[in-house]
>>> print(open('start04.pdb').read())   # PDB, N, CA and C atoms
ATOM      1  N   MET A   1       0.852  -1.177   0.000
ATOM      2  CA  MET A   1       0.000   0.000   0.000
ATOM      3  C   MET A   1       0.894   1.235   0.000
ATOM      4  N   ASN A   2       0.472   2.233  -0.749
ATOM      5  CA  ASN A   2       1.256   3.444  -0.938
ATOM      6  C   ASN A   2       0.830   4.520   0.055
ATOM      7  N   ASP A   3       1.799   5.196   0.695
ATOM      8  CA  ASP A   3       1.502   6.251   1.667
ATOM      9  C   ASP A   3       1.142   7.575   1.014
ATOM     10  N   LEU A   4       1.397   7.702  -0.280
ATOM     11  CA  LEU A   4       1.149   8.998  -0.923
ATOM     12  C   LEU A   4      -0.336   9.226  -1.115
ATOM     13  N   THR A   5      -0.801  10.288  -0.503
ATOM     14  CA  THR A   5      -2.191  10.722  -0.682
ATOM     15  C   THR A   5      -2.151  12.021  -1.460
ATOM     16  N   PRO A   6      -3.270  12.489  -1.975
ATOM     17  CA  PRO A   6      -3.233  13.754  -2.703
ATOM     18  C   PRO A   6      -2.620  14.892  -1.896
ATOM     19  N   SER A   7      -2.872  14.952  -0.595
ATOM     20  CA  SER A   7      -2.306  16.047   0.201
ATOM     21  C   SER A   7      -0.796  15.883   0.364
ATOM     22  N   SER A   8      -0.297  14.653   0.578
ATOM     23  CA  SER A   8       1.148  14.472   0.714
ATOM     24  C   SER A   8       1.835  14.673  -0.633
ATOM     25  N   ASN A   9       1.178  14.310  -1.724
ATOM     26  CA  ASN A   9       1.728  14.535  -3.052
ATOM     27  C   ASN A   9       1.809  16.039  -3.329
ATOM     28  N   SER A  10       0.791  16.753  -2.886
ATOM     29  CA  SER A  10       0.758  18.202  -3.047
ATOM     30  C   SER A  10       1.879  18.858  -2.235
ATOM     31  N   SER A  11       2.066  18.403  -0.992
ATOM     32  CA  SER A  11       3.122  18.998  -0.178
ATOM     33  C   SER A  11       4.504  18.618  -0.718
ATOM     34  N   MET A  12       4.638  17.441  -1.339
ATOM     35  CA  MET A  12       5.902  17.061  -1.972
ATOM     36  C   MET A  12       6.181  17.987  -3.148
ATOM     37  N   ASN A  13       5.165  18.302  -3.933
ATOM     38  CA  ASN A  13       5.327  19.234  -5.054
ATOM     39  C   ASN A  13       5.716  20.629  -4.558
ATOM     40  N   GLU A  14       5.107  21.058  -3.457
ATOM     41  CA  GLU A  14       5.450  22.357  -2.874
ATOM     42  C   GLU A  14       6.904  22.359  -2.381
ATOM     43  N   TYR A  15       7.315  21.249  -1.766
ATOM     44  CA  TYR A  15       8.678  21.118  -1.267
ATOM     45  C   TYR A  15       9.677  21.185  -2.419
ATOM     46  N   ILE A  16       9.402  20.474  -3.486
ATOM     47  CA  ILE A  16      10.292  20.482  -4.653
ATOM     48  C   ILE A  16      10.323  21.864  -5.288
ATOM     49  N   ALA A  17       9.165  22.522  -5.387
ATOM     50  CA  ALA A  17       9.115  23.875  -5.959
ATOM     51  C   ALA A  17       9.917  24.849  -5.108
ATOM     52  N   LYS A  18       9.834  24.721  -3.781
ATOM     53  CA  LYS A  18      10.602  25.604  -2.895
ATOM     54  C   LYS A  18      12.093  25.341  -3.048
ATOM     55  N   MET A  19      12.489  24.067  -3.131
ATOM     56  CA  MET A  19      13.907  23.733  -3.322
ATOM     57  C   MET A  19      14.415  24.318  -4.638
ATOM     58  N   GLN A  20      13.612  24.214  -5.684
ATOM     59  CA  GLN A  20      14.018  24.744  -6.984
ATOM     60  C   GLN A  20      14.154  26.264  -6.926
ATOM     61  N   LYS A  21      13.191  26.923  -6.281
ATOM     62  CA  LYS A  21      13.243  28.384  -6.140
ATOM     63  C   LYS A  21      14.484  28.809  -5.345
ATOM     64  N   ASP A  22      14.770  28.110  -4.238
ATOM     65  CA  ASP A  22      15.953  28.426  -3.423
ATOM     66  C   ASP A  22      17.243  28.209  -4.205
ATOM     67  N   PHE A  23      17.290  27.132  -4.980
ATOM     68  CA  PHE A  23      18.483  26.864  -5.770
ATOM     69  C   PHE A  23      18.699  27.947  -6.824
ATOM     70  N   LEU A  24      17.648  28.300  -7.552
ATOM     71  CA  LEU A  24      17.777  29.321  -8.592
ATOM     72  C   LEU A  24      18.186  30.670  -7.992
ATOM     73  N   ARG A  25      17.659  30.972  -6.812
ATOM     74  CA  ARG A  25      18.021  32.223  -6.152
ATOM     75  C   ARG A  25      19.480  32.197  -5.714
ATOM     76  N   SER A  26      19.945  31.045  -5.231
ATOM     77  CA  SER A  26      21.326  30.958  -4.735
ATOM     78  C   SER A  26      22.367  31.072  -5.841
ATOM     79  N   ILE A  27      22.020  30.730  -7.082
ATOM     80  CA  ILE A  27      22.993  30.848  -8.169
ATOM     81  C   ILE A  27      22.903  32.194  -8.885
ATOM     82  N   ASP A  28      21.954  33.030  -8.475
ATOM     83  CA  ASP A  28      21.836  34.380  -9.034
ATOM     84  C   ASP A  28      22.959  35.239  -8.440
ATOM     85  N   PRO A  29      23.827  35.834  -9.283
ATOM     86  CA  PRO A  29      24.959  36.621  -8.760
ATOM     87  C   PRO A  29      24.535  37.815  -7.905
ATOM     88  N   SER A  30      23.326  38.298  -8.077
ATOM     89  CA  SER A  30      22.887  39.456  -7.291
ATOM     90  C   SER A  30      22.283  39.055  -5.944
ATOM     91  N   TYR A  31      22.160  37.752  -5.686
ATOM     92  CA  TYR A  31      21.556  37.283  -4.440
ATOM     93  C   TYR A  31      22.565  37.353  -3.301
ATOM     94  N   LEU A  32      22.182  37.948  -2.207
ATOM     95  CA  LEU A  32      23.019  38.041  -1.017
ATOM     96  C   LEU A  32      22.307  37.320   0.123
ATOM     97  N   PRO A  33      22.781  36.124   0.493
ATOM     98  CA  PRO A  33      22.112  35.403   1.578
ATOM     99  C   PRO A  33      22.305  36.119   2.912
ATOM    100  N   THR A  34      21.283  36.129   3.722
ATOM    101  CA  THR A  34      21.350  36.780   5.034
ATOM    102  C   THR A  34      20.897  35.801   6.107
ATOM    103  N   ILE A  35      21.278  36.087   7.351
ATOM    104  CA  ILE A  35      20.811  35.300   8.485
ATOM    105  C   ILE A  35      20.322  36.267   9.559
ATOM    106  N   SER A  36      19.494  35.756  10.439
ATOM    107  CA  SER A  36      18.955  36.585  11.512
ATOM    108  C   SER A  36      19.988  36.730  12.627
ATOM    109  N   MET A  37      19.772  37.696  13.500
ATOM    110  CA  MET A  37      20.665  37.877  14.652
ATOM    111  C   MET A  37      20.636  36.650  15.552
ATOM    112  N   SER A  38      19.471  36.021  15.697
ATOM    113  CA  SER A  38      19.373  34.804  16.512
ATOM    114  C   SER A  38      20.260  33.711  15.946
ATOM    115  N   GLU A  39      20.193  33.508  14.612
ATOM    116  CA  GLU A  39      21.044  32.506  13.978
ATOM    117  C   GLU A  39      22.520  32.866  14.152
ATOM    118  N   LEU A  40      22.837  34.140  14.047
ATOM    119  CA  LEU A  40      24.215  34.589  14.192
ATOM    120  C   LEU A  40      24.746  34.271  15.584
ATOM    121  N   TYR A  41      23.941  34.545  16.614
ATOM    122  CA  TYR A  41      24.365  34.288  17.986
ATOM    123  C   TYR A  41      24.425  32.799  18.310
ATOM    124  N   GLU A  42      23.567  31.990  17.663
ATOM    125  CA  GLU A  42      23.532  30.559  17.949
ATOM    126  C   GLU A  42      24.697  29.809  17.310
ATOM    127  N   ASN A  43      25.223  30.317  16.211
ATOM    128  CA  ASN A  43      26.323  29.644  15.516
ATOM    129  C   ASN A  43      27.653  29.917  16.202
ATOM    130  N   VAL A  44      28.480  28.902  16.235
ATOM    131  CA  VAL A  44      29.843  29.046  16.729
ATOM    132  C   VAL A  44      30.745  28.968  15.509
ATOM    133  N   TYR A  45      31.422  30.058  15.215
ATOM    134  CA  TYR A  45      32.276  30.121  14.037
ATOM    135  C   TYR A  45      33.704  29.786  14.432
ATOM    136  N   SER A  46      34.333  28.965  13.602
ATOM    137  CA  SER A  46      35.718  28.594  13.887
ATOM    138  C   SER A  46      36.641  29.766  13.570
ATOM    139  N   LYS A  47      37.701  29.859  14.335
ATOM    140  CA  LYS A  47      38.668  30.932  14.158
ATOM    141  C   LYS A  47      39.506  30.648  12.922
ATOM    142  N   LYS A  48      39.728  31.672  12.107
ATOM    143  CA  LYS A  48      40.561  31.529  10.912
ATOM    144  C   LYS A  48      42.027  31.569  11.325
ATOM    145  N   PRO A  49      42.852  30.779  10.649
ATOM    146  CA  PRO A  49      44.277  30.817  10.982
ATOM    147  C   PRO A  49      44.890  32.147  10.544
ATOM    148  N   PRO A  50      45.884  32.634  11.277
ATOM    149  CA  PRO A  50      46.490  33.913  10.913
ATOM    150  C   PRO A  50      47.334  33.785   9.646
ATOM    151  N   LEU A  51      47.407  34.882   8.894
ATOM    152  CA  LEU A  51      48.325  34.920   7.759
ATOM    153  C   LEU A  51      49.748  35.075   8.258
ATOM    154  N   ILE A  52      49.920  35.992   9.198
ATOM    155  CA  ILE A  52      51.216  36.184   9.849
ATOM    156  C   ILE A  52      50.951  36.022  11.347
ATOM    157  N   ASP A  53      51.448  34.918  11.889
ATOM    158  CA  ASP A  53      51.121  34.535  13.263
ATOM    159  C   ASP A  53      51.428  35.653  14.253
ATOM    160  N   GLY A  54      50.417  36.046  15.031
ATOM    161  CA  GLY A  54      50.579  37.085  16.035
ATOM    162  C   GLY A  54      50.603  38.498  15.486
ATOM    163  N   PHE A  55      50.375  38.639  14.165
ATOM    164  CA  PHE A  55      50.502  39.967  13.564
ATOM    165  C   PHE A  55      49.352  40.319  12.617
ATOM    166  N   LEU A  56      48.998  39.407  11.702
ATOM    167  CA  LEU A  56      48.002  39.726  10.679
ATOM    168  C   LEU A  56      47.052  38.555  10.483
ATOM    169  N   TYR A  57      45.769  38.817  10.648
ATOM    170  CA  TYR A  57      44.741  37.794  10.512
ATOM    171  C   TYR A  57      43.911  38.084   9.270
ATOM    172  N   THR A  58      43.222  37.057   8.756
ATOM    173  CA  THR A  58      42.405  37.248   7.563
ATOM    174  C   THR A  58      41.287  38.238   7.858
ATOM    175  N   GLY A  59      40.867  38.942   6.839
ATOM    176  CA  GLY A  59      39.800  39.918   6.985
ATOM    177  C   GLY A  59      40.067  41.120   6.103
ATOM    178  N   THR A  60      39.332  42.149   6.353
ATOM    179  CA  THR A  60      39.464  43.377   5.582
ATOM    180  C   THR A  60      40.084  44.444   6.470
ATOM    181  N   TYR A  61      41.090  45.106   5.934
ATOM    182  CA  TYR A  61      41.791  46.136   6.689
ATOM    183  C   TYR A  61      41.857  47.426   5.879
ATOM    184  N   LEU A  62      41.867  48.524   6.563
ATOM    185  CA  LEU A  62      42.172  49.818   5.954
ATOM    186  C   LEU A  62      43.528  50.230   6.502
ATOM    187  N   PHE A  63      44.437  50.515   5.615
ATOM    188  CA  PHE A  63      45.780  50.923   6.018
ATOM    189  C   PHE A  63      45.964  52.344   5.517
ATOM    190  N   VAL A  64      45.812  53.301   6.416
ATOM    191  CA  VAL A  64      45.806  54.710   6.013
ATOM    192  C   VAL A  64      46.853  55.500   6.782
ATOM    193  N   GLY A  65      47.233  56.629   6.208
ATOM    194  CA  GLY A  65      48.194  57.502   6.857
ATOM    195  C   GLY A  65      48.570  58.643   5.938
ATOM    196  N   ALA A  66      49.394  59.505   6.430
ATOM    197  CA  ALA A  66      49.844  60.657   5.649
ATOM    198  C   ALA A  66      50.662  60.187   4.444
ATOM    199  N   PRO A  67      50.791  61.035   3.423
ATOM    200  CA  PRO A  67      51.589  60.666   2.248
ATOM    201  C   PRO A  67      53.062  60.457   2.596
ATOM    202  N   LYS A  68      53.708  59.618   1.812
ATOM    203  CA  LYS A  68      55.159  59.389   1.860
ATOM    204  C   LYS A  68      55.649  58.762   3.174
ATOM    205  N   LEU A  69      54.827  57.944   3.819
ATOM    206  CA  LEU A  69      55.257  57.239   5.027
ATOM    207  C   LEU A  69      55.710  55.811   4.735
ATOM    208  N   GLY A  70      55.473  55.345   3.509
ATOM    209  CA  GLY A  70      55.868  53.989   3.140
ATOM    210  C   GLY A  70      54.744  52.976   3.184
ATOM    211  N   LYS A  71      53.485  53.453   3.135
ATOM    212  CA  LYS A  71      52.339  52.534   3.187
ATOM    213  C   LYS A  71      52.357  51.556   2.022
ATOM    214  N   SER A  72      52.550  52.066   0.820
ATOM    215  CA  SER A  72      52.538  51.197  -0.365
ATOM    216  C   SER A  72      53.693  50.214  -0.332
ATOM    217  N   PHE A  73      54.868  50.672   0.081
ATOM    218  CA  PHE A  73      56.018  49.777   0.173
ATOM    219  C   PHE A  73      55.751  48.690   1.211
ATOM    220  N   PHE A  74      55.161  49.056   2.348
ATOM    221  CA  PHE A  74      54.847  48.079   3.389
ATOM    222  C   PHE A  74      53.838  47.052   2.878
ATOM    223  N   MET A  75      52.827  47.492   2.139
ATOM    224  CA  MET A  75      51.842  46.558   1.586
ATOM    225  C   MET A  75      52.498  45.613   0.586
ATOM    226  N   ALA A  76      53.437  46.137  -0.219
ATOM    227  CA  ALA A  76      54.166  45.289  -1.159
ATOM    228  C   ALA A  76      55.020  44.275  -0.400
ATOM    229  N   GLN A  77      55.615  44.702   0.709
ATOM    230  CA  GLN A  77      56.421  43.798   1.531
ATOM    231  C   GLN A  77      55.549  42.699   2.127
ATOM    232  N   LEU A  78      54.371  43.054   2.651
ATOM    233  CA  LEU A  78      53.440  42.043   3.174
ATOM    234  C   LEU A  78      53.047  41.068   2.072
ATOM    235  N   ALA A  79      52.724  41.604   0.894
ATOM    236  CA  ALA A  79      52.315  40.760  -0.230
ATOM    237  C   ALA A  79      53.427  39.777  -0.597
ATOM    238  N   TYR A  80      54.659  40.263  -0.625
ATOM    239  CA  TYR A  80      55.803  39.404  -0.946
ATOM    240  C   TYR A  80      55.929  38.267   0.061
ATOM    241  N   HIS A  81      55.908  38.603   1.343
ATOM    242  CA  HIS A  81      56.110  37.588   2.380
ATOM    243  C   HIS A  81      54.977  36.568   2.404
ATOM    244  N   ILE A  82      53.737  37.010   2.198
ATOM    245  CA  ILE A  82      52.607  36.075   2.172
ATOM    246  C   ILE A  82      52.680  35.201   0.924
ATOM    247  N   SER A  83      53.032  35.793  -0.220
ATOM    248  CA  SER A  83      53.081  34.999  -1.455
ATOM    249  C   SER A  83      54.207  33.978  -1.440
ATOM    250  N   THR A  84      55.298  34.246  -0.726
ATOM    251  CA  THR A  84      56.424  33.311  -0.669
ATOM    252  C   THR A  84      56.420  32.447   0.589
ATOM    253  N   GLY A  85      55.696  32.884   1.610
ATOM    254  CA  GLY A  85      55.668  32.145   2.868
ATOM    255  C   GLY A  85      56.914  32.333   3.712
ATOM    256  N   THR A  86      57.688  33.374   3.420
ATOM    257  CA  THR A  86      58.909  33.632   4.199
ATOM    258  C   THR A  86      58.584  34.461   5.440
ATOM    259  N   GLN A  87      59.361  34.269   6.496
ATOM    260  CA  GLN A  87      59.129  34.992   7.748
ATOM    261  C   GLN A  87      59.220  36.501   7.542
ATOM    262  N   LEU A  88      58.443  37.223   8.337
ATOM    263  CA  LEU A  88      58.491  38.685   8.341
ATOM    264  C   LEU A  88      58.823  39.127   9.758
ATOM    265  N   TRP A  89      60.013  39.715   9.944
ATOM    266  CA  TRP A  89      60.467  40.203  11.245
ATOM    267  C   TRP A  89      60.381  39.134  12.325
ATOM    268  N   GLY A  90      60.672  37.902  11.956
ATOM    269  CA  GLY A  90      60.637  36.799  12.909
ATOM    270  C   GLY A  90      59.271  36.170  13.103
ATOM    271  N   TYR A  91      58.230  36.708  12.474
ATOM    272  CA  TYR A  91      56.885  36.140  12.568
ATOM    273  C   TYR A  91      56.720  35.059  11.499
ATOM    274  N   PRO A  92      56.200  33.874  11.866
ATOM    275  CA  PRO A  92      55.920  32.856  10.856
ATOM    276  C   PRO A  92      54.805  33.331   9.930
ATOM    277  N   VAL A  93      54.942  33.055   8.641
ATOM    278  CA  VAL A  93      53.988  33.509   7.632
ATOM    279  C   VAL A  93      53.407  32.301   6.916
ATOM    280  N   LYS A  94      52.080  32.261   6.802
ATOM    281  CA  LYS A  94      51.405  31.208   6.046
ATOM    282  C   LYS A  94      51.392  31.617   4.577
ATOM    283  N   GLN A  95      51.912  30.769   3.719
ATOM    284  CA  GLN A  95      51.952  31.091   2.298
ATOM    285  C   GLN A  95      50.538  31.092   1.724
ATOM    286  N   GLY A  96      50.279  32.065   0.867
ATOM    287  CA  GLY A  96      48.962  32.161   0.247
ATOM    288  C   GLY A  96      49.018  32.960  -1.037
ATOM    289  N   THR A  97      47.896  32.988  -1.706
ATOM    290  CA  THR A  97      47.774  33.744  -2.945
ATOM    291  C   THR A  97      47.521  35.199  -2.608
ATOM    292  N   VAL A  98      48.176  36.100  -3.331
ATOM    293  CA  VAL A  98      48.060  37.531  -3.075
ATOM    294  C   VAL A  98      47.652  38.243  -4.354
ATOM    295  N   LEU A  99      46.723  39.154  -4.236
ATOM    296  CA  LEU A  99      46.396  40.073  -5.323
ATOM    297  C   LEU A  99      46.772  41.458  -4.826
ATOM    298  N   PHE A 100      47.769  42.031  -5.429
ATOM    299  CA  PHE A 100      48.242  43.362  -5.017
ATOM    300  C   PHE A 100      47.850  44.340  -6.109
ATOM    301  N   HIS A 101      47.037  45.319  -5.740
ATOM    302  CA  HIS A 101      46.568  46.297  -6.722
ATOM    303  C   HIS A 101      46.781  47.702  -6.173
ATOM    304  N   THR A 102      47.437  48.505  -6.952
ATOM    305  CA  THR A 102      47.626  49.893  -6.574
ATOM    306  C   THR A 102      47.634  50.742  -7.831
ATOM    307  N   PHE A 103      47.266  51.968  -7.689
ATOM    308  CA  PHE A 103      47.291  52.895  -8.817
ATOM    309  C   PHE A 103      48.554  53.752  -8.790
ATOM    310  N   ARG A 104      49.385  53.601  -7.770
ATOM    311  CA  ARG A 104      50.500  54.523  -7.593
ATOM    312  C   ARG A 104      51.855  53.934  -7.911
ATOM    313  N   ILE A 105      52.035  52.636  -7.782
ATOM    314  CA  ILE A 105      53.336  52.035  -8.033
ATOM    315  C   ILE A 105      53.326  51.401  -9.409
ATOM    316  N   THR A 106      54.333  51.713 -10.207
ATOM    317  CA  THR A 106      54.439  51.097 -11.534
ATOM    318  C   THR A 106      55.160  49.763 -11.399
ATOM    319  N   ALA A 107      55.006  48.932 -12.398
ATOM    320  CA  ALA A 107      55.657  47.613 -12.387
ATOM    321  C   ALA A 107      57.173  47.743 -12.315
ATOM    322  N   ASN A 108      57.742  48.806 -12.880
ATOM    323  CA  ASN A 108      59.187  49.001 -12.855
ATOM    324  C   ASN A 108      59.734  49.119 -11.445
ATOM    325  N   ALA A 109      58.936  49.574 -10.500
ATOM    326  CA  ALA A 109      59.410  49.749  -9.128
ATOM    327  C   ALA A 109      59.820  48.411  -8.510
ATOM    328  N   PHE A 110      59.244  47.309  -8.983
ATOM    329  CA  PHE A 110      59.561  46.000  -8.419
ATOM    330  C   PHE A 110      60.809  45.390  -9.038
ATOM    331  N   TYR A 111      61.285  45.945 -10.129
ATOM    332  CA  TYR A 111      62.422  45.352 -10.829
ATOM    333  C   TYR A 111      63.716  46.136 -10.671
ATOM    334  N   LYS A 112      63.730  47.157  -9.850
ATOM    335  CA  LYS A 112      64.939  47.971  -9.666
ATOM    336  C   LYS A 112      65.873  47.337  -8.684
TER     337      LYS A 112
END
>>> encode(input="start04.pdb", output="structure tokens")
Amino acid sequence: MNDLTPSSNSSMNEYIAKMQKDFLRSIDPSYLPTISMSELYENVYSKKPPLIDGFLYTGTYLFVGAPKLGKSFFMAQLAYHISTGTQLWGYPVKQGTVLFHTFRITANAFYK
């Protein structure tokens, strides 16, 4: 004997339609998934490993200051050490992929 009744068949169709709608929404590049504050507080997020142990962790940073202090050179130095995995000032560095973009330093500056 089959358990499917018209109402369970209908709810199965609704379930499949909802799954399809959620899937199509998730592959839309303009879709930004959100969670509630309750969900945020209930989740325990694992700590990301540092890029430079004890010095630099993953995330977004703003590095600002007056002109001609060496900000761009310092960012290039960080990029070099992360891309090669070499120590920086005695700090262990996790090797990773780096995208370094600036409008102020020309490519020739790296080859001098």
>>> atom_distance(input="start04.pdb", atom1="atom CA of Asp53 of chain A", atom2="atom CA of Leu99 of chain A")
20.0 Å
>>> closest_residue(input="start04.pdb", among="A:Met37, A:Gln20, A:Asn13, A:Leu78", to="Val93 of chain A", atoms="only C-alpha atoms")
A:Leu78
>>> residues_near_point(input="start04.pdb", point="(58.0, 42.8, 6.8)", cutoff="7 Å", atoms="all atoms listed in the file", output="list in words")
Gln77, Leu78, Gln87, Leu88 and Trp89 of chain A
>>> axis_aligned_box(input="start04.pdb", around="segment 11-29 of chain A", padding_each_side="3 Å", output="lines of an AutoDock Vina configuration file")
center_x = 13.5
center_y = 27.4
center_z = -4.7
size_x = 28.9
size_y = 26.8
size_z = 15.1
>>> atom_distance(input="start04.pdb", atom1="atom C of Phe55 of chain A", atom2="atom CA of Ser83 of chain A")
15.5 Å
>>> decode(input="start04.pdb", residues="segment 74-87 of chain A", atoms="N, CA and C atoms", output="PDB file, in the first residue's frame")
ATOM      1  N   PHE A  74      55.161  49.056   2.348  1.00  0.00           N
ATOM      2  CA  PHE A  74      54.847  48.079   3.389  1.00  0.00           C
ATOM      3  C   PHE A  74      53.838  47.052   2.878  1.00  0.00           C
ATOM      4  N   MET A  75      52.827  47.492   2.139  1.00  0.00           N
ATOM      5  CA  MET A  75      51.842  46.558   1.586  1.00  0.00           C
ATOM      6  C   MET A  75      52.498  45.613   0.586  1.00  0.00           C
ATOM      7  N   ALA A  76      53.437  46.137  -0.219  1.00  0.00           N
ATOM      8  CA  ALA A  76      54.166  45.289  -1.159  1.00  0.00           C
ATOM      9  C   ALA A  76      55.020  44.275  -0.400  1.00  0.00           C
ATOM     10  N   GLN A  77      55.615  44.702   0.709  1.00  0.00           N
ATOM     11  CA  GLN A  77      56.421  43.798   1.531  1.00  0.00           C
ATOM     12  C   GLN A  77      55.549  42.699   2.127  1.00  0.00           C
ATOM     13  N   LEU A  78      54.371  43.054   2.651  1.00  0.00           N
ATOM     14  CA  LEU A  78      53.440  42.043   3.174  1.00  0.00           C
ATOM     15  C   LEU A  78      53.047  41.068   2.072  1.00  0.00           C
ATOM     16  N   ALA A  79      52.724  41.604   0.894  1.00  0.00           N
ATOM     17  CA  ALA A  79      52.315  40.760  -0.230  1.00  0.00           C
ATOM     18  C   ALA A  79      53.427  39.777  -0.597  1.00  0.00           C
ATOM     19  N   TYR A  80      54.659  40.263  -0.625  1.00  0.00           N
ATOM     20  CA  TYR A  80      55.803  39.404  -0.946  1.00  0.00           C
ATOM     21  C   TYR A  80      55.929  38.267   0.061  1.00  0.00           C
ATOM     22  N   HIS A  81      55.908  38.603   1.343  1.00  0.00           N
ATOM     23  CA  HIS A  81      56.110  37.588   2.380  1.00  0.00           C
ATOM     24  C   HIS A  81      54.977  36.568   2.404  1.00  0.00           C
ATOM     25  N   ILE A  82      53.737  37.010   2.198  1.00  0.00           N
ATOM     26  CA  ILE A  82      52.607  36.075   2.172  1.00  0.00           C
ATOM     27  C   ILE A  82      52.680  35.201   0.924  1.00  0.00           C
ATOM     28  N   SER A  83      53.032  35.793  -0.220  1.00  0.00           N
ATOM     29  CA  SER A  83      53.081  34.999  -1.455  1.00  0.00           C
ATOM     30  C   SER A  83      54.207  33.978  -1.440  1.00  0.00           C
ATOM     31  N   THR A  84      55.298  34.246  -0.726  1.00  0.00           N
ATOM     32  CA  THR A  84      56.424  33.311  -0.669  1.00  0.00           C
ATOM     33  C   THR A  84      56.420  32.447   0.589  1.00  0.00           C
ATOM     34  N   GLY A  85      55.696  32.884   1.610  1.00  0.00           N
ATOM     35  CA  GLY A  85      55.668  32.145   2.868  1.00  0.00           C
ATOM     36  C   GLY A  85      56.914  32.333   3.712  1.00  0.00           C
ATOM     37  N   THR A  86      57.688  33.374   3.420  1.00  0.00           N
ATOM     38  CA  THR A  86      58.909  33.632   4.199  1.00  0.00           C
ATOM     39  C   THR A  86      58.584  34.461   5.440  1.00  0.00           C
ATOM     40  N   GLN A  87      59.361  34.269   6.496  1.00  0.00           N
ATOM     41  CA  GLN A  87      59.129  34.992   7.748  1.00  0.00           C
ATOM     42  C   GLN A  87      59.220  36.501   7.542  1.00  0.00           C
TER      43      GLN A  87
END
